[in-house]
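S.K.: protein-v1.cif is reproduced below (mmCIF, C-alpha atoms).
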```
data_upload
#
loop_
_atom_site.label_atom_id
_atom_site.label_comp_id
_atom_site.auth_asym_id
_atom_site.auth_seq_id
_atom_site.Cartn_x
_atom_site.Cartn_y
_atom_site.Cartn_z
CA MET A 17 33.01 -8.45 28.26
CA LYS A 18 30.78 -9.04 25.28
CA LYS A 19 27.87 -6.62 24.92
CA THR A 20 24.38 -7.97 24.32
CA ILE A 21 21.63 -6.04 22.59
CA PRO A 22 18.10 -7.18 23.52
CA LEU A 23 16.58 -5.04 20.75
CA LYS A 24 18.39 -7.04 18.06
CA SER A 25 16.79 -10.26 19.23
CA LEU A 26 13.43 -8.55 19.48
CA LEU A 27 13.73 -7.28 15.90
CA LEU A 28 14.50 -10.75 14.56
CA ILE A 29 11.58 -12.25 16.50
CA LEU A 30 9.21 -9.58 15.17
CA LEU A 31 10.36 -10.17 11.59
CA THR A 32 9.79 -13.91 11.97
CA LEU A 33 6.32 -13.41 13.44
CA LEU A 34 5.42 -11.06 10.60
CA VAL A 35 6.44 -13.55 7.92
CA VAL A 36 4.58 -16.40 9.63
CA LYS A 37 1.50 -14.29 10.18
CA ALA A 38 1.45 -13.12 6.57
CA SER A 39 1.76 -16.72 5.39
CA TYR A 40 -1.45 -17.71 7.16
CA ALA A 41 -3.45 -14.48 6.92
CA GLN A 42 -4.17 -14.46 3.21
CA GLN A 43 -7.51 -12.68 3.20
CA ASN A 44 -8.23 -8.99 2.73
CA PHE A 45 -11.96 -8.39 3.19
CA VAL A 46 -13.00 -4.81 2.48
CA PRO A 47 -16.41 -3.16 1.97
CA GLY A 48 -18.11 -3.78 -1.37
CA TYR A 49 -21.26 -5.21 -2.90
CA ILE A 50 -22.47 -7.89 -5.26
CA ILE A 51 -25.22 -7.62 -7.86
CA GLN A 52 -27.38 -10.72 -7.92
CA THR A 53 -28.73 -12.15 -11.17
CA ASN A 54 -32.16 -10.64 -10.41
CA GLY A 55 -30.58 -7.18 -10.17
CA ASP A 56 -30.65 -6.86 -6.37
CA THR A 57 -27.61 -5.32 -4.68
CA VAL A 58 -26.24 -6.98 -1.54
CA ARG A 59 -23.66 -5.06 0.46
CA GLY A 60 -20.99 -6.75 2.52
CA LEU A 61 -17.29 -7.57 2.44
CA ILE A 62 -15.25 -8.79 -0.54
CA ASP A 63 -11.82 -10.40 -0.42
CA PHE A 64 -9.97 -7.82 -2.53
CA ARG A 65 -6.89 -9.04 -4.40
CA ASP A 66 -5.99 -6.15 -6.72
CA TRP A 67 -6.28 -8.76 -9.45
CA GLY A 68 -3.57 -8.80 -12.08
CA ILE A 69 -5.84 -10.92 -14.27
CA SER A 70 -9.63 -11.10 -14.42
CA PRO A 71 -10.72 -12.95 -11.27
CA GLU A 72 -12.05 -16.45 -11.80
CA LYS A 73 -13.89 -16.24 -8.48
CA VAL A 74 -14.52 -13.84 -5.65
CA LYS A 75 -15.16 -14.41 -1.94
CA PHE A 76 -18.02 -12.51 -0.33
CA LYS A 77 -19.55 -12.34 3.14
CA LYS A 78 -22.28 -10.14 4.57
CA ASP A 79 -20.37 -9.18 7.72
CA ASN A 80 -17.25 -9.98 9.74
CA VAL A 81 -18.82 -12.93 11.55
CA SER A 82 -20.31 -14.62 8.47
CA GLU A 83 -18.61 -17.42 6.60
CA PRO A 84 -17.42 -16.32 3.14
CA ILE A 85 -19.01 -17.79 0.03
CA THR A 86 -17.21 -18.26 -3.27
CA LEU A 87 -18.87 -16.75 -6.33
CA ARG A 88 -17.95 -17.34 -9.95
CA PRO A 89 -19.05 -15.70 -13.23
CA GLY A 90 -22.70 -16.61 -13.77
CA HIS A 91 -23.44 -16.93 -10.05
CA ILE A 92 -23.86 -13.15 -9.86
CA SER A 93 -24.19 -10.31 -12.38
CA GLY A 94 -21.21 -8.45 -10.97
CA PHE A 95 -19.55 -6.87 -7.97
CA MET A 96 -17.90 -3.64 -6.84
CA VAL A 97 -14.91 -3.31 -4.53
CA GLN A 98 -12.37 -0.51 -4.00
CA ASP A 99 -14.16 1.59 -6.66
CA LEU A 100 -13.61 -1.17 -9.24
CA ILE A 101 -16.61 -2.74 -10.99
CA TYR A 102 -16.56 -6.22 -12.50
CA ILE A 103 -19.47 -7.77 -14.40
CA SER A 104 -20.16 -11.35 -15.34
CA ALA A 105 -20.04 -11.74 -19.11
CA ILE A 106 -19.76 -14.21 -21.95
CA VAL A 107 -17.21 -12.67 -24.31
CA ASP A 108 -15.15 -13.52 -27.36
CA ILE A 109 -11.42 -14.00 -26.99
CA ASP A 110 -8.73 -14.49 -29.61
CA VAL A 111 -6.68 -17.64 -29.04
CA SER A 112 -4.40 -17.18 -32.03
CA PRO A 113 -0.70 -17.75 -31.28
CA MET A 114 1.15 -14.58 -30.27
CA THR A 115 4.79 -15.59 -29.88
CA VAL A 116 6.95 -14.81 -32.92
CA GLU A 117 7.98 -18.43 -33.47
CA ASN A 118 4.32 -19.57 -33.52
CA LEU A 119 2.71 -16.86 -35.66
CA ASP A 120 0.63 -17.92 -38.64
CA PHE A 121 -0.18 -16.24 -41.97
CA ASN A 122 -3.85 -15.70 -41.20
CA ASN A 123 -4.80 -12.12 -40.35
CA ASN A 124 -8.17 -13.17 -38.94
CA PRO A 125 -8.40 -13.91 -35.21
CA LEU A 126 -9.23 -17.37 -33.94
CA ILE A 127 -12.30 -16.66 -31.79
CA MET A 128 -13.52 -18.68 -28.81
CA GLU A 129 -16.00 -17.88 -26.05
CA ASP A 130 -14.98 -17.23 -22.45
CA THR A 131 -17.13 -16.70 -19.36
CA ALA A 132 -15.40 -14.25 -17.05
CA PHE A 133 -15.61 -11.31 -14.71
CA ILE A 134 -14.63 -8.40 -16.95
CA GLN A 135 -13.85 -4.93 -15.67
CA ILE A 136 -15.78 -1.80 -16.57
CA LEU A 137 -13.41 1.00 -17.57
CA PHE A 138 -16.06 3.45 -18.80
CA ARG A 139 -19.84 3.26 -18.47
CA GLY A 140 -22.05 5.87 -20.06
CA GLU A 141 -22.93 6.99 -23.54
CA LYS A 142 -19.91 4.98 -24.73
CA ASN A 143 -18.60 1.95 -22.87
CA LEU A 144 -15.22 0.29 -22.59
CA TYR A 145 -14.54 -3.04 -20.90
CA TYR A 146 -11.34 -4.90 -20.05
CA HIS A 147 -10.52 -8.58 -19.69
CA LYS A 148 -7.17 -10.14 -18.91
CA SER A 149 -7.32 -13.90 -19.33
CA ALA A 150 -5.49 -16.54 -17.33
CA ASP A 151 -2.68 -16.60 -19.93
CA ARG A 152 -2.30 -12.83 -19.32
CA ARG A 153 -3.61 -11.77 -22.75
CA GLU A 154 -5.51 -8.51 -22.78
CA TYR A 155 -8.87 -7.96 -24.48
CA PHE A 156 -10.98 -4.83 -24.81
CA TYR A 157 -14.70 -4.57 -25.60
CA ILE A 158 -17.10 -1.82 -26.62
CA GLY A 159 -20.89 -1.69 -26.82
CA LYS A 160 -23.79 -2.03 -24.40
CA GLU A 161 -23.78 -4.42 -21.47
CA GLY A 162 -24.78 -7.84 -22.73
CA ASP A 163 -23.54 -7.02 -26.21
CA TYR A 164 -19.76 -6.88 -25.99
CA GLU A 165 -17.88 -6.30 -29.23
CA LEU A 166 -14.29 -7.47 -29.12
CA LEU A 167 -11.78 -4.92 -30.34
CA ILE A 168 -9.68 -6.86 -32.83
CA TRP A 169 -5.90 -6.89 -32.73
CA LYS A 170 -3.78 -9.73 -34.00
CA LYS A 171 -0.14 -10.34 -34.89
CA TYR A 172 0.47 -12.48 -37.97
CA LEU A 173 3.06 -13.15 -40.69
CA ILE A 174 3.36 -11.93 -44.25
CA HIS A 175 5.77 -13.18 -46.90
CA GLU A 176 7.56 -10.54 -48.98
CA ALA A 177 10.75 -10.57 -51.03
CA GLY A 178 11.52 -14.11 -49.99
CA ARG A 179 11.26 -13.38 -46.27
CA ASP A 180 8.63 -13.68 -43.53
CA TYR A 181 7.70 -10.56 -41.61
CA ALA A 182 5.55 -10.03 -38.54
CA THR A 183 2.77 -7.46 -38.89
CA GLU A 184 -0.48 -6.56 -37.13
CA ASN A 185 -4.19 -6.54 -37.81
CA LYS A 186 -5.30 -3.27 -36.20
CA GLU A 187 -9.02 -3.55 -36.82
CA TYR A 188 -9.59 -1.96 -33.38
CA ILE A 189 -8.63 1.44 -34.85
CA HIS A 190 -11.48 1.27 -37.38
CA GLN A 191 -13.89 -0.07 -34.73
CA LEU A 192 -13.13 2.75 -32.29
CA THR A 193 -13.33 5.43 -34.96
CA GLU A 194 -16.84 4.32 -35.94
CA TYR A 195 -18.03 3.63 -32.39
CA LEU A 196 -16.98 7.02 -31.04
CA ASN A 197 -18.06 8.92 -34.17
CA SER A 198 -14.70 10.60 -33.77
CA SER A 199 -13.66 14.13 -34.53
CA GLU A 200 -10.53 14.72 -36.56
CA GLU A 201 -8.59 15.28 -33.34
CA GLU A 202 -9.87 12.01 -31.87
CA LYS A 203 -9.23 10.13 -35.11
CA LYS A 204 -5.59 11.12 -34.96
CA LEU A 205 -5.33 9.92 -31.35
CA ILE A 206 -7.05 6.62 -32.20
CA LYS A 207 -4.76 6.05 -35.19
CA GLU A 208 -1.73 6.35 -32.92
CA ALA A 209 -3.23 4.18 -30.16
CA THR A 210 -1.75 0.85 -29.14
CA TYR A 211 -3.73 -2.13 -27.90
CA LYS A 212 -2.84 -1.30 -24.30
CA LEU A 213 -4.82 -0.29 -21.25
CA ASN A 214 -3.51 3.24 -20.74
CA SER A 215 -3.61 4.04 -24.46
CA LEU A 216 -7.29 3.11 -24.84
CA ILE A 217 -8.29 4.81 -21.58
CA LYS A 218 -6.70 7.98 -22.93
CA ILE A 219 -8.94 7.81 -26.00
CA PHE A 220 -12.13 7.54 -23.93
CA ASP A 221 -10.93 10.29 -21.59
CA ARG A 222 -10.53 12.53 -24.63
CA TYR A 223 -13.96 11.53 -25.94
CA TYR A 224 -15.74 12.48 -22.72
CA ASN A 225 -13.70 15.67 -22.36
CA ASN A 226 -14.83 16.76 -25.83
CA ASN A 227 -18.51 15.90 -25.30
CA PRO A 228 -21.13 17.40 -22.98
CA THR A 229 -22.12 14.05 -21.48
CA GLU A 230 -20.20 12.71 -18.51
CA PRO A 231 -19.56 9.01 -17.97
CA ILE A 232 -21.76 7.40 -15.34
CA TYR A 233 -18.66 5.60 -14.16
CA SER A 234 -14.99 5.61 -15.12
CA LYS A 235 -12.25 3.55 -13.57
CA ARG A 236 -10.05 5.67 -11.38
CA ARG A 237 -6.43 5.83 -12.38
CA ASP A 238 -3.94 4.13 -10.12
CA LYS A 239 -2.71 7.09 -8.13
CA LEU A 240 -0.27 7.66 -5.34
CA SER A 241 -1.43 8.65 -1.90
CA THR A 242 0.67 10.13 0.86
CA ASN A 243 1.00 9.89 4.60
CA LEU A 244 2.67 12.47 6.84
CA GLY A 245 3.51 12.24 10.52
CA LEU A 246 5.90 12.45 13.45
CA PHE A 247 7.94 9.80 15.23
CA ALA A 248 10.11 9.64 18.32
CA GLY A 249 11.82 7.05 20.44
CA VAL A 250 15.10 5.73 21.73
CA SER A 251 18.25 4.63 19.96
CA VAL A 252 21.04 2.39 21.23
CA THR A 253 24.38 2.83 19.43
CA ASP A 254 27.31 0.44 19.39
CA LEU A 255 30.55 1.88 17.93
CA SER A 256 33.54 -0.27 16.98
CA PHE A 257 36.77 -0.08 14.97
CA SER A 258 38.98 -2.54 13.11
CA SER A 259 42.59 -1.95 12.09
CA LYS A 260 46.07 -3.44 12.26
CA SER A 261 47.14 -0.31 14.11
CA PHE A 262 45.22 2.30 16.16
CA GLY A 263 45.25 0.00 19.17
CA ASN A 264 43.82 2.74 21.39
CA LEU A 265 40.61 2.52 19.33
CA THR A 266 40.39 -1.09 18.19
CA ASN A 267 41.10 -2.47 21.66
CA ALA A 268 38.93 0.00 23.55
CA ASP A 269 35.70 -1.34 24.99
CA PHE A 270 33.31 1.43 24.06
CA SER A 271 30.15 1.90 26.05
CA LEU A 272 26.71 1.69 24.51
CA SER A 273 25.02 5.03 23.98
CA LYS A 274 21.28 5.36 24.72
CA ASN A 275 19.73 8.51 23.30
CA PHE A 276 16.60 10.17 22.02
CA SER A 277 15.78 10.03 18.29
CA GLY A 278 12.92 11.57 16.41
CA GLY A 279 11.76 13.35 13.30
CA LEU A 280 9.25 13.59 10.47
CA PHE A 281 8.15 10.98 7.95
CA PHE A 282 6.54 11.25 4.53
CA ASP A 283 5.23 8.06 2.97
CA ILE A 284 4.28 7.62 -0.69
CA ILE A 285 1.75 4.79 -0.89
CA LEU A 286 1.47 2.78 -4.10
CA ASN A 287 -2.28 2.23 -4.39
CA LYS A 288 -1.89 -0.17 -7.32
CA PHE A 289 -0.82 -2.89 -4.89
CA GLN A 290 -3.70 -2.49 -2.42
CA GLY A 291 -1.58 0.05 -0.58
CA LYS A 292 0.69 -2.71 0.70
CA TRP A 293 3.83 -1.23 -0.85
CA SER A 294 5.05 2.25 -0.02
CA LEU A 295 8.14 4.43 -0.12
CA SER A 296 8.91 5.65 3.39
CA ASN A 297 11.02 8.79 3.68
CA GLU A 298 12.25 10.28 6.95
CA LEU A 299 14.05 13.31 8.25
CA ILE A 300 15.51 12.09 11.54
CA TYR A 301 17.65 13.46 14.34
CA THR A 302 19.90 10.91 15.99
CA THR A 303 22.91 11.20 18.29
CA TYR A 304 25.35 9.16 20.31
CA ASN A 305 28.21 9.72 22.75
CA VAL A 306 30.49 6.86 23.77
CA THR A 307 33.63 6.48 25.85
CA GLY A 308 36.19 3.73 25.77
CA GLU A 309 39.35 2.88 27.68
CA TYR A 310 42.46 1.14 26.46
CA LEU A 311 45.15 -0.10 28.85
CA ASP A 312 48.62 -0.49 27.37
CA TYR A 313 50.32 -2.41 30.17
CA THR A 314 53.96 -3.44 30.37
CA SER A 315 54.47 -3.50 34.14
CA ALA A 316 53.14 -1.85 37.26
CA ASP A 317 55.62 0.97 36.66
CA ASP A 318 55.20 1.22 32.91
CA TYR A 319 51.71 1.55 31.50
CA SER A 320 49.27 4.00 29.95
CA ILE A 321 45.50 4.39 30.02
CA THR A 322 43.88 6.03 27.00
CA THR A 323 40.33 7.31 27.40
CA THR A 324 38.52 8.17 24.17
CA GLU A 325 35.28 10.10 23.89
CA LEU A 326 33.44 10.23 20.59
CA GLY A 327 30.09 11.85 20.01
CA PHE A 328 28.20 12.68 16.84
CA SER A 329 24.80 14.29 16.33
CA TYR A 330 23.27 13.75 12.90
CA ILE A 331 20.47 14.98 10.75
CA LYS A 332 19.69 12.09 8.42
CA ILE A 333 17.48 11.37 5.46
CA ASN A 334 16.22 7.78 5.42
CA ASN A 335 14.67 6.23 2.30
CA MET A 336 13.02 2.83 2.65
CA LEU A 337 10.76 0.45 0.76
CA ARG A 338 7.98 -0.84 3.00
CA PHE A 339 5.63 -3.80 2.74
CA SER A 340 2.53 -3.82 4.94
CA TYR A 341 0.06 -6.61 5.55
CA PRO A 342 -3.33 -5.93 7.18
CA VAL A 343 -4.64 -8.42 9.72
CA GLY A 344 -7.99 -7.23 11.03
CA LYS A 345 -7.57 -3.75 12.48
CA LEU A 346 -3.81 -4.20 12.72
CA SER A 347 -1.20 -3.83 10.03
CA PHE A 348 2.20 -5.53 10.23
CA PHE A 349 5.03 -4.16 8.16
CA ILE A 350 8.69 -4.61 7.27
CA ASN A 351 10.94 -2.07 5.60
CA GLY A 352 14.49 -1.71 4.39
CA GLY A 353 16.58 0.96 2.74
CA ILE A 354 19.43 3.41 3.10
CA SER A 355 20.34 6.34 5.32
CA ASN A 356 22.42 9.43 4.57
CA GLY A 357 23.39 11.71 7.43
CA TYR A 358 25.44 14.80 8.19
CA ALA A 359 27.01 15.40 11.60
CA PHE A 360 26.46 18.95 12.84
CA ASP A 361 27.86 18.47 16.36
CA VAL A 362 31.05 16.48 17.00
CA THR A 363 32.97 15.37 20.09
CA ASN A 364 36.37 13.90 19.22
CA CYS A 365 38.81 13.88 22.11
CA GLN A 366 41.30 11.64 23.83
CA ASN A 367 42.98 11.66 27.23
CA LYS A 368 46.11 9.58 27.78
CA GLU A 369 47.53 9.04 31.28
CA VAL A 370 51.09 7.76 31.14
CA LYS A 371 53.06 6.27 34.04
CA PHE A 372 56.72 5.52 33.46
CA TYR A 373 58.34 4.60 36.75
CA THR A 374 58.56 7.86 38.71
CA THR A 375 57.16 9.99 35.91
CA ASP A 376 53.42 10.67 35.47
CA ARG A 377 52.00 12.79 32.71
CA THR A 378 48.72 13.45 30.95
CA GLU A 379 48.35 13.95 27.21
CA GLU A 380 45.17 15.43 25.73
CA GLY A 381 44.32 15.62 22.06
CA ILE A 382 42.14 14.53 19.20
CA ALA A 383 41.09 10.88 19.06
CA ILE A 384 40.87 10.63 15.24
CA GLU A 385 42.76 13.23 13.23
CA SER A 386 40.82 12.74 10.03
CA ILE A 387 37.05 12.30 10.31
CA ARG A 388 34.15 12.62 7.90
CA LYS A 389 30.86 14.15 8.87
CA TYR A 390 28.90 12.31 6.17
CA GLU A 391 27.71 8.85 7.17
CA GLN A 392 25.94 6.26 5.05
CA GLY A 393 24.09 3.24 6.31
CA TYR A 394 21.65 0.42 5.65
CA LEU A 395 18.31 0.03 7.41
CA LEU A 396 16.10 -2.93 8.28
CA GLY A 397 13.00 -2.71 10.41
CA ALA A 398 9.66 -4.21 11.33
CA GLY A 399 6.63 -2.98 13.19
CA ILE A 400 2.93 -2.97 13.84
CA LYS A 401 0.34 -0.27 13.17
CA TYR A 402 -3.07 0.36 14.67
CA GLY A 403 -5.03 3.27 13.23
CA LYS A 404 -2.73 6.27 13.13
CA VAL A 405 -0.24 4.91 15.67
CA ALA A 406 2.66 2.59 14.85
CA LEU A 407 5.45 0.95 16.83
CA GLN A 408 8.63 0.00 14.99
CA PHE A 409 11.94 -1.64 15.81
CA ARG A 410 14.81 -0.96 13.47
CA TYR A 411 18.45 -1.86 12.90
CA GLU A 412 20.92 0.45 11.14
CA TYR A 413 24.43 -0.41 10.04
CA GLY A 414 26.58 2.65 9.24
CA ASN A 415 30.11 3.33 8.06
CA GLY A 416 31.02 5.60 10.98
CA MET A 417 33.32 8.58 10.80
CA SER A 418 36.88 7.42 10.07
CA GLU A 419 38.41 8.73 6.84
CA TYR A 420 41.51 6.57 7.19
CA ILE A 421 41.77 3.66 4.80
CA SER A 422 43.66 1.74 7.48
CA LEU A 423 41.00 2.37 10.15
CA ASN A 424 37.56 0.96 9.56
CA SER A 425 34.76 2.39 11.71
CA LYS A 426 31.25 1.03 11.97
CA THR A 427 28.13 1.95 13.88
CA LYS A 428 25.30 -0.36 14.79
CA ARG A 429 22.13 1.37 15.91
CA TYR A 430 18.99 -0.16 17.34
CA PHE A 431 15.81 1.92 17.40
CA GLY A 432 12.48 1.65 19.14
CA LEU A 433 10.20 4.26 17.54
CA LEU A 434 6.61 5.32 18.10
CA SER A 435 4.94 7.24 15.27
CA TYR A 436 1.72 9.11 14.67
CA SER A 437 0.15 9.86 11.27
CA PHE A 438 -1.76 13.08 10.69
#
```
For this file, write the structure as structure tokens.
M.R.:
Amino acid sequence: MKKTIPLKSLLLILLTLLVVKASYAQQNFVPGYIIQTNGDTVRGLIDFRDWGISPEKVKFKKDNVSEPITLRPGHISGFMVQDLIYISAIVDIDVSPMTVENLDFNNNPLIMEDTAFIQILFRGEKNLYYHKSADRREYFYIGKEGDYELLIWKKYLIHEAGRDYATENKEYIHQLTEYLNSSEEEKKLIKEATYKLNSLIKIFDRYYNNNPTEPIYSKRRDKLSTNLGLFAGVSVTDLSFSSKSFGNLTNADFSLSKNFSGGLFFDIILNKFQGKWSLSNELIYTTYNVTGEYLDYTSADDYSITTTELGFSYIKINNMLRFSYPVGKLSFFINGGISNGYAFDVTNCQNKEVKFYTTDRTEEGIAIESIRKYEQGYLLGAGIKYGKVALQFRYEYGNGMSEYISLNSKTKRYFGLLSYSF
């Protein structure tokens, strides 16, 4: 009789619903504020996108029941969301070609104006601003608000010894040295700086560390956050074998094993991606015990019945990559990864009842002579979270316990788990 696993169907349905829901729920309104052109601050909700480039527009609403309005640079003076501050600005950008095959021999940038939301990296005695245009080019600015000086960096060609070489105009090094009135230590750091976000942030960090004044605002670094908790639930295990021999195992109809599972989890949340991506790590206890019978029948007077009992209790470490998507107060998630477990308690026995005409005998022994206690597996799961409580359904495919090359073992586990975050 073929075994059916309701949890498997439920898992697939939940995964499908999650994908569909995520396709339609494309907004992520979180608390923030806008600064109107007259200087007034209006608090409300902003559709936060963890923008990879400078946003061309932003959606804002005063509360959950209001309709969002779309604001572009010039409509407002700026906005703040998730501790990030963007201001509306008219700035210079360099549109000179940057790819090697299109470089020119002019070391001067080709300047055009752009109206954009640019990000404040440092605000205080010395300011640093950041703009990433739609073509993904990065620009940095210094100076007071309303007077943004572009830090100049350009790649161009020179011709020497009959060949063309690519070189760089690093005017930004001179600009920063003068702007920060740098010490010898800072000058060395600036000279080694690249025209990259982290490199220039490091320079301003050093400046404020070496001076008595603190910045009014500095962009927080993208950090990791963590989440710790407990989980428990039920597991359903299906054990099977495949081989050209070992008929007592491959032909046995093993029962499903329903057991308790539980443990600890430690999540590392990647804040850079709005907290949607995380590394989920678990220490889990899981166990199963199954029995199976195999009838080797020749005639009513010549047959044998082999009963096999296999049980393994594991401590496992699960490592998964998780994607979460908030929808209102709920958060849907999917995750996948690997499991590595060690069996600390093993049942491995076999009972064979033999009838041969007038002779009956019973043989007891080990079901599988050569077993491994280390099991590896793959994980796939989906769930829903509300506050600190989450419900998850998960599928695990493992390589079982057989060490024989000629006997392939596999375990299929289905979990329903309830978790609580501290």
S.K.: Could you check the closest approach to Phe281 in chain A for each of A:Phe438, A:Phe339, A:Tyr402, A:Tyr195 and tell me which residue wins, using all atoms listed in the file?
M.R.: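 For Phe281 in chain A, the nearest of the candidates is A:Phe438.
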S.K.: Please identify all polymer residues within 7 Å of range 121-124 of chain A, counting all atoms listed in the file, omitting same-chain residues fewer than 4 positions from it, and present them as an MDAnalysis selection string.
M.R.: chainID A and resid 170 172:174 185
S.K.: Exactly which residues make up the result of the PyMOL selection byres ((chain A and resi 72) around 9) on this file, given as a ChimeraX atom specification?
M.R.: /A:69-71,73-74,87-89,132-133,150
S.K.: Put those residues in a file: C-alpha atoms, as a PDB file, in the coordinates of the input.
M.R.:
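Below is the file again24.pdb, written as the result:
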```pdb
ATOM      1  CA  ILE A  69      -5.840 -10.920 -14.270  1.00  0.00           C
ATOM      2  CA  SER A  70      -9.630 -11.100 -14.420  1.00  0.00           C
ATOM      3  CA  PRO A  71     -10.720 -12.950 -11.270  1.00  0.00           C
ATOM      4  CA  LYS A  73     -13.890 -16.240  -8.480  1.00  0.00           C
ATOM      5  CA  VAL A  74     -14.520 -13.840  -5.650  1.00  0.00           C
ATOM      6  CA  LEU A  87     -18.870 -16.750  -6.330  1.00  0.00           C
ATOM      7  CA  ARG A  88     -17.950 -17.340  -9.950  1.00  0.00           C
ATOM      8  CA  PRO A  89     -19.050 -15.700 -13.230  1.00  0.00           C
ATOM      9  CA  ALA A 132     -15.400 -14.250 -17.050  1.00  0.00           C
ATOM     10  CA  PHE A 133     -15.610 -11.310 -14.710  1.00  0.00           C
ATOM     11  CA  ALA A 150      -5.490 -16.540 -17.330  1.00  0.00           C
TER      12      ALA A 150
END
```
S.K.: From the list A:Ile333, A:Ile127, A:Leu196, A:Val405, which residue is nearest Gly393 in chain A when using only C-alpha atoms?
M.R.: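 The answer is A:Ile333, which sits nearest to Gly393 in chain A.
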S.K.: The PyMOL selection byres ((chain A and resi 212-219) around 10) - which residues does that actually catch in the file I just gave you? List them as a ChimeraX atom specification.
M.R.: /A:137-138,144,146,154-156,192,196,202-203,205-206,208-211,220-225,234-235,237
S.K.: Output the residue selection produced by the PyMOL selection byres ((chain A and resi 243-253) around 10) on the file above, formatted as an MDAnalysis selection string.
M.R.: chainID A and resid 21 23 241:242 254:256 271:285 294 296:306 404:413 427:438
